[in-house]
Amino acid sequence: MKREEQELLARTQAGTPMGDLLRRYWMPAVLSRELEAGGEPLRVRLLSEDLIAFRSPDGTVGLFEENCAHRGASLHLAKNDAGGLRCWYHGWKYAHDGQCIDQPNEPPSSRACEKIRQRAYPCIERNGVVWSYMGPREAMPPFPALEWTAVPEGHYYASKRFQECNWLTGMEGDLDSSHLNFLHGTETIKASPSHGRFESGVWMAADAFPKFEIVAKPGGFIHGARRNADEGHHYWRIGTWLLPCFTMIPGFPGDLPMGGHAWVPRDDETTWCFAFSWHPQRPLKESELKQIGTGWGMHSLLTPGSFVPAHNKSNGYAPPDAPGVQNWERIKIFQDQDVAITESIGGAFDRTNENLGSTDIVVITARRRLMAEARALADGKPPKVSAEDYRVRPISCRLPSDAPSWADAVAEAMAARPDTYRPSI
């Protein structure tokens, strides 16, 4: 990788090519449960910006620049009043769109507040997550039709965690199916759920060199990892990558919840990883929610009162009584393994030092697409975003080895509509 490409991909502040691109999309900002109606304003850091999220007494959510437009006092200390935030320092009040609507320390005849605006970002709340758009208002895209944002109450679960890595490093772990046999271990994979006579875990454990194929889509791409299965068949794990930072990971065969991540840069060295589990046709089972609570699947077991994983750098990513002589042996949980390895790469890793191989093709393709989109925007060609581009889901399946097109074979099942849902097979 060239130095210019490293800088383009890693830097997300406003005014950088990648920072400007990311701001052209709706992205998760906070979980709905973090904000109490009429409660304390919440400090949030997104894309290297220090912000304040709040929920007014009537339930309306807002997202402001932290420092008051008057003299810079922190709105973390503001009064959460009906209709907006009132700065504690001089009483200036801002509506949810950032317009100053009251200046009680100015003369009653003054109309200065009409010219004052607090920097504010539009918010939309969907299925347990507050989303925000941080780009120019005149270029605001439609809200993405991601399946987990539209399923009924009870059919989804959302969480988030803090990761000490660059957003791209975390996201690329989801795009890399070849690490499963090594990072997660063949014995763990073999123990994965099977479906009828299809022993997907055995096939995955036996084939450490999957063959990758990618099909470009308007909103990103789908990527298939092909492994040998029983005679005359291949086992495919088909995931999705959607601009700019959304991944969906194929599950194991059976009628199980699906999973996805949104990799939102907190800054250039730390990331908010939003995790989603959902089912298109039924509520999540109590047993599935219990498993989510233990830290398995897409979600992490968290330190109480925070979004830091309970198993983190300070404790070797494992409980104190975990067996094992070497560090890696003690880390048993899937997400702990992923977090440990991506945080070991770090937030400031220089990608010009990488030596990529053939199984990195999915990662390479995502990087190239991101760089192309960022350069196009810098040249005055903004991304063309359609809500329908996001209506896709992951799948794992067994297909005949002589199938003419795996993408065609799964196209209907991957179309994220309730009537097309088929359990992974």
# chains A, B, ... in the order shown; residues from 1 in each chain; ligands from 1
>>> select_by_dssp(residues="range 347-415 of chain A", states="strand (DSSP E)", output="mmCIF file with N, CA and C atoms, in the first residue's frame")
data_model
loop_
_atom_site.group_PDB
_atom_site.id
_atom_site.type_symbol
_atom_site.label_atom_id
_atom_site.label_comp_id
_atom_site.auth_asym_id
_atom_site.auth_seq_id
_atom_site.Cartn_x
_atom_site.Cartn_y
_atom_site.Cartn_z
ATOM 1 N N ILE A 395 -25.960 -15.349 4.154
ATOM 2 C CA ILE A 395 -26.464 -16.718 4.116
ATOM 3 C C ILE A 395 -25.288 -17.691 4.073
ATOM 4 N N SER A 396 -25.474 -18.871 4.645
ATOM 5 C CA SER A 396 -24.539 -19.978 4.444
ATOM 6 C C SER A 396 -25.326 -21.126 3.836
ATOM 7 N N CYS A 397 -24.721 -21.847 2.906
ATOM 8 C CA CYS A 397 -25.490 -22.865 2.184
ATOM 9 C C CYS A 397 -24.577 -23.895 1.529
ATOM 10 N N ARG A 398 -25.175 -25.017 1.187
ATOM 11 C CA ARG A 398 -24.528 -26.104 0.462
ATOM 12 C C ARG A 398 -25.090 -26.097 -0.950
ATOM 13 N N LEU A 399 -24.205 -26.001 -1.939
ATOM 14 C CA LEU A 399 -24.625 -25.926 -3.336
ATOM 15 C C LEU A 399 -23.893 -26.969 -4.168
ATOM 16 N N PRO A 400 -24.501 -27.433 -5.244
ATOM 17 C CA PRO A 400 -23.801 -28.368 -6.130
ATOM 18 C C PRO A 400 -22.510 -27.752 -6.674
#
>>> closest_atom_pairs(of="range 9-44 of chain A", to="range 140-147 of chain A", cutoff="8 Å", atoms="only C-alpha atoms", output="Markdown table")
| residue | atom | partner | partner_atom | distance |
| --- | --- | --- | --- | --- |
| A:Arg24 | CA | A:Met140 | CA | 7.0 |
| A:Tyr25 | CA | A:Pro141 | CA | 6.7 |
| A:Trp26 | CA | A:Phe143 | CA | 6.5 |
>>> atom_distance(atom1="CA of Lys79 in chain A", atom2="CA of Arg111 in chain A")
22.3 Å
>>> closest_residue(among="A:Pro404, A:Gly232, A:Pro244, A:Gly297", to="Pro257 in chain A", atoms="only C-alpha atoms")
A:Gly297
>>> closest_atom_pairs(of="range 10-110 of chain A", to="range 150-171 of chain A", cutoff="12 Å", atoms="only C-alpha atoms", output="Markdown table")
| residue | atom | partner | partner_atom | distance |
| --- | --- | --- | --- | --- |
| A:Ala10 | CA | A:Asn166 | CA | 7.1 |
| A:Arg11 | CA | A:Asn166 | CA | 9.3 |
| A:Thr12 | CA | A:Trp167 | CA | 9.5 |
| A:Met18 | CA | A:Leu168 | CA | 11.2 |
| A:Gly19 | CA | A:Trp167 | CA | 11.9 |
| A:Leu22 | CA | A:Trp167 | CA | 11.5 |
| A:Pro28 | CA | A:Lys160 | CA | 9.8 |
| A:Ala29 | CA | A:Lys160 | CA | 10.1 |
| A:Val30 | CA | A:Lys160 | CA | 8.4 |
| A:Leu31 | CA | A:Ser159 | CA | 7.2 |
| A:Ser32 | CA | A:Ala158 | CA | 9.5 |
| A:Arg33 | CA | A:Ser159 | CA | 9.8 |
| A:Glu34 | CA | A:Ser159 | CA | 10.7 |
| A:Arg45 | CA | A:Phe162 | CA | 11.3 |
| A:Leu46 | CA | A:Trp167 | CA | 11.4 |
| A:Leu47 | CA | A:Trp167 | CA | 10.1 |
| A:Ser48 | CA | A:Asn166 | CA | 12.0 |
>>> select_by_dssp(residues="range 190-346 of chain A", states="helix (DSSP H, G or I)", output="number ranges by chain")
A: 190, 200-206, 286-293, 313-315, 327-330, 334-345
>>> atom_distance(atom1="CA of His70 in chain A", atom2="CA of Ile101 in chain A")
12.8 Å
>>> closest_residue(among="A:Gly98, A:Leu242, A:Ala407, A:Lys313", to="Ile214 in chain A", atoms="only C-alpha atoms")
A:Ala407
>>> residues_around(residues="Gly293 in chain A", least_positions_apart="5", cutoff="12 Å", atoms="only C-alpha atoms", output="list in words")
Tyr157, Ala158, Ser159, Ser277, Glu286, Ser287, Glu288, Met298, His299, Ser300, Leu301, Leu302 and Ala310 of chain A
>>> write_last_selection(atoms="N, CA and C atoms", output="mmCIF file, in the first residue's frame")
data_model
loop_
_atom_site.group_PDB
_atom_site.id
_atom_site.type_symbol
_atom_site.label_atom_id
_atom_site.label_comp_id
_atom_site.auth_asym_id
_atom_site.auth_seq_id
_atom_site.Cartn_x
_atom_site.Cartn_y
_atom_site.Cartn_z
ATOM 1 N N TYR A 157 -31.947 -7.386 18.448
ATOM 2 C CA TYR A 157 -31.199 -6.955 19.623
ATOM 3 C C TYR A 157 -30.010 -6.138 19.133
ATOM 4 N N ALA A 158 -29.756 -5.005 19.770
ATOM 5 C CA ALA A 158 -28.646 -4.127 19.390
ATOM 6 C C ALA A 158 -27.753 -3.864 20.592
ATOM 7 N N SER A 159 -26.457 -3.822 20.360
ATOM 8 C CA SER A 159 -25.499 -3.480 21.408
ATOM 9 C C SER A 159 -24.360 -2.692 20.778
ATOM 10 N N SER A 277 -28.320 -8.372 16.099
ATOM 11 C CA SER A 277 -28.857 -9.707 15.829
ATOM 12 C C SER A 277 -30.334 -9.533 15.515
ATOM 13 N N GLU A 286 -35.865 -16.710 24.047
ATOM 14 C CA GLU A 286 -35.236 -16.419 25.324
ATOM 15 C C GLU A 286 -33.847 -17.044 25.404
ATOM 16 N N SER A 287 -33.708 -18.245 24.860
ATOM 17 C CA SER A 287 -32.405 -18.916 24.876
ATOM 18 C C SER A 287 -31.381 -18.164 24.031
ATOM 19 N N GLU A 288 -31.831 -17.553 22.928
ATOM 20 C CA GLU A 288 -30.925 -16.790 22.067
ATOM 21 C C GLU A 288 -30.504 -15.494 22.753
ATOM 22 N N MET A 298 -22.379 -12.042 17.872
ATOM 23 C CA MET A 298 -21.915 -10.739 17.406
ATOM 24 C C MET A 298 -21.568 -9.796 18.548
ATOM 25 N N HIS A 299 -22.034 -10.098 19.749
ATOM 26 C CA HIS A 299 -22.011 -9.155 20.863
ATOM 27 C C HIS A 299 -20.920 -9.512 21.869
ATOM 28 N N SER A 300 -20.552 -8.544 22.682
ATOM 29 C CA SER A 300 -19.529 -8.752 23.703
ATOM 30 C C SER A 300 -20.128 -8.654 25.096
ATOM 31 N N LEU A 301 -19.616 -9.466 25.997
ATOM 32 C CA LEU A 301 -19.898 -9.293 27.412
ATOM 33 C C LEU A 301 -19.186 -8.025 27.859
ATOM 34 N N LEU A 302 -19.921 -7.084 28.463
ATOM 35 C CA LEU A 302 -19.371 -5.767 28.767
ATOM 36 C C LEU A 302 -19.076 -5.594 30.252
ATOM 37 N N ALA A 310 -15.780 -6.821 28.889
ATOM 38 C CA ALA A 310 -15.327 -7.289 30.199
ATOM 39 C C ALA A 310 -13.968 -7.966 30.094
#
>>> residues_around(residues="Pro104 in chain A", least_positions_apart="6", cutoff="9 Å", atoms="only C-alpha atoms", output="JSON, numbers by chain")
{"A": [90, 91, 92, 93]}
>>> write_last_selection(atoms="N, CA and C atoms", output="tab-separated table (two decimals), in the first residue's frame")
chain	number	residue	atom	x	y	z
A	90	HIS	N	-25.10	30.88	30.56
A	90	HIS	CA	-25.84	32.13	30.38
A	90	HIS	C	-27.29	31.92	29.96
A	91	GLY	N	-27.73	30.67	29.90
A	91	GLY	CA	-29.14	30.41	29.65
A	91	GLY	C	-29.55	30.38	28.19
A	92	TRP	N	-28.60	30.47	27.28
A	92	TRP	CA	-28.99	30.40	25.87
A	92	TRP	C	-29.57	29.02	25.58
A	93	LYS	N	-30.67	29.01	24.85
A	93	LYS	CA	-31.36	27.75	24.58
A	93	LYS	C	-31.37	27.46	23.09
>>> residues_around(residues="Tyr121 in chain A", least_positions_apart="3", cutoff="12 Å", atoms="only C-alpha atoms", output="ChimeraX atom specification")
/A:23,26-27,29,46,49,51-54,61-66,95-99,117-118,124,130-137,140
>>> write_last_selection(atoms="N, CA and C atoms", output="tab-separated table (two decimals), in the first residue's frame")
chain	number	residue	atom	x	y	z
A	23	ARG	N	-19.26	11.01	6.18
A	23	ARG	CA	-20.31	11.95	6.58
A	23	ARG	C	-21.44	12.03	5.55
A	26	TRP	N	-25.85	7.83	6.63
A	26	TRP	CA	-26.43	7.67	7.96
A	26	TRP	C	-25.64	6.59	8.69
A	27	MET	N	-25.27	6.89	9.95
A	27	MET	CA	-24.52	5.90	10.74
A	27	MET	C	-25.02	5.92	12.18
A	29	ALA	N	-25.17	6.38	16.05
A	29	ALA	CA	-24.50	7.34	16.94
A	29	ALA	C	-24.48	6.84	18.38
A	46	LEU	N	-17.67	11.01	17.85
A	46	LEU	CA	-17.88	10.37	16.56
A	46	LEU	C	-17.05	11.08	15.50
A	49	GLU	N	-15.16	14.12	16.39
A	49	GLU	CA	-15.91	15.28	16.87
A	49	GLU	C	-16.49	14.99	18.25
A	51	LEU	N	-19.32	15.56	20.75
A	51	LEU	CA	-20.73	15.89	20.59
A	51	LEU	C	-21.50	15.61	21.87
A	52	ILE	N	-22.74	16.09	21.89
A	52	ILE	CA	-23.66	15.85	22.99
A	52	ILE	C	-24.96	15.30	22.42
A	53	ALA	N	-25.36	14.13	22.91
A	53	ALA	CA	-26.66	13.55	22.54
A	53	ALA	C	-27.61	13.72	23.71
A	54	PHE	N	-28.88	13.95	23.42
A	54	PHE	CA	-29.86	14.14	24.49
A	54	PHE	C	-31.24	13.75	24.00
A	61	VAL	N	-34.99	13.25	20.15
A	61	VAL	CA	-33.55	13.11	20.30
A	61	VAL	C	-32.82	14.20	19.53
A	62	GLY	N	-31.73	14.70	20.09
A	62	GLY	CA	-30.89	15.67	19.42
A	62	GLY	C	-29.42	15.32	19.54
A	63	LEU	N	-28.60	15.88	18.64
A	63	LEU	CA	-27.16	15.66	18.65
A	63	LEU	C	-26.49	16.98	18.29
A	64	PHE	N	-25.75	17.55	19.25
A	64	PHE	CA	-25.12	18.87	19.11
A	64	PHE	C	-23.61	18.76	19.22
A	65	GLU	N	-22.91	19.76	18.65
A	65	GLU	CA	-21.52	20.01	19.03
A	65	GLU	C	-21.49	20.27	20.52
A	66	GLU	N	-20.47	19.78	21.21
A	66	GLU	CA	-20.47	19.88	22.67
A	66	GLU	C	-20.39	21.32	23.17
A	95	ALA	N	-32.90	24.85	20.03
A	95	ALA	CA	-33.85	23.83	19.59
A	95	ALA	C	-33.09	22.64	19.00
A	96	HIS	N	-33.80	21.55	18.69
A	96	HIS	CA	-33.15	20.33	18.22
A	96	HIS	C	-32.40	20.51	16.90
A	97	ASP	N	-32.81	21.48	16.11
A	97	ASP	CA	-32.11	21.73	14.85
A	97	ASP	C	-30.93	22.68	15.02
A	98	GLY	N	-30.65	23.07	16.27
A	98	GLY	CA	-29.52	23.93	16.57
A	98	GLY	C	-29.83	25.41	16.62
A	99	GLN	N	-31.03	25.81	16.21
A	99	GLN	CA	-31.38	27.23	16.21
A	99	GLN	C	-31.48	27.75	17.64
A	117	ARG	N	-26.74	29.73	15.60
A	117	ARG	CA	-27.07	28.32	15.51
A	117	ARG	C	-25.97	27.49	16.16
A	118	GLN	N	-26.39	26.51	16.93
A	118	GLN	CA	-25.47	25.51	17.44
A	118	GLN	C	-25.33	24.43	16.37
A	124	ILE	N	-32.32	10.02	13.45
A	124	ILE	CA	-33.44	9.11	13.23
A	124	ILE	C	-33.27	7.94	14.18
A	130	VAL	N	-30.04	5.18	17.77
A	130	VAL	CA	-30.16	6.54	17.24
A	130	VAL	C	-29.10	6.71	16.15
A	131	TRP	N	-29.55	7.02	14.95
A	131	TRP	CA	-28.67	7.24	13.80
A	131	TRP	C	-28.54	8.73	13.54
A	132	SER	N	-27.41	9.12	12.99
A	132	SER	CA	-27.21	10.52	12.66
A	132	SER	C	-26.56	10.66	11.28
A	133	TYR	N	-26.86	11.79	10.66
A	133	TYR	CA	-26.22	12.15	9.39
A	133	TYR	C	-25.41	13.41	9.65
A	134	MET	N	-24.10	13.35	9.39
A	134	MET	CA	-23.18	14.43	9.75
A	134	MET	C	-22.66	15.19	8.54
A	135	GLY	N	-23.28	15.00	7.39
A	135	GLY	CA	-22.83	15.68	6.18
A	135	GLY	C	-23.67	16.90	5.86
A	136	PRO	N	-23.46	17.46	4.67
A	136	PRO	CA	-24.23	18.65	4.26
A	136	PRO	C	-25.71	18.32	4.12
A	137	ARG	N	-26.56	19.20	4.66
A	137	ARG	CA	-28.00	18.93	4.68
A	137	ARG	C	-28.57	18.76	3.28
A	140	MET	N	-28.37	15.12	2.00
A	140	MET	CA	-28.78	14.05	2.89
A	140	MET	C	-29.39	12.88	2.11
>>> residues_around(residues="range 332-334 of chain A", least_positions_apart="4", cutoff="8 Å", atoms="only C-alpha atoms", output="JSON, numbers by chain")
{"A": [184, 295, 296, 297, 318, 338]}
>>> write_last_selection(atoms="N, CA and C atoms", output="PDB file, in the first residue's frame")
ATOM      1  N   HIS A 184     -10.097 -18.816  15.578  1.00  0.00           N
ATOM      2  CA  HIS A 184     -11.172 -19.414  16.373  1.00  0.00           C
ATOM      3  C   HIS A 184     -10.978 -20.912  16.617  1.00  0.00           C
ATOM      4  N   GLY A 295     -22.040 -12.996  25.806  1.00  0.00           N
ATOM      5  CA  GLY A 295     -20.941 -12.502  24.999  1.00  0.00           C
ATOM      6  C   GLY A 295     -20.640 -13.334  23.775  1.00  0.00           C
ATOM      7  N   TRP A 296     -21.489 -14.310  23.448  1.00  0.00           N
ATOM      8  CA  TRP A 296     -21.274 -15.100  22.250  1.00  0.00           C
ATOM      9  C   TRP A 296     -21.927 -14.430  21.053  1.00  0.00           C
ATOM     10  N   GLY A 297     -21.530 -14.871  19.859  1.00  0.00           N
ATOM     11  CA  GLY A 297     -22.125 -14.319  18.647  1.00  0.00           C
ATOM     12  C   GLY A 297     -21.525 -12.973  18.302  1.00  0.00           C
ATOM     13  N   ALA A 318      -9.502 -12.379  28.871  1.00  0.00           N
ATOM     14  CA  ALA A 318     -10.012 -13.644  29.394  1.00  0.00           C
ATOM     15  C   ALA A 318     -10.291 -13.510  30.895  1.00  0.00           C
ATOM     16  N   ASP A 338     -11.742 -11.983  18.432  1.00  0.00           N
ATOM     17  CA  ASP A 338     -11.693 -10.954  17.391  1.00  0.00           C
ATOM     18  C   ASP A 338     -11.205  -9.617  17.941  1.00  0.00           C
TER      19      ASP A 338
END
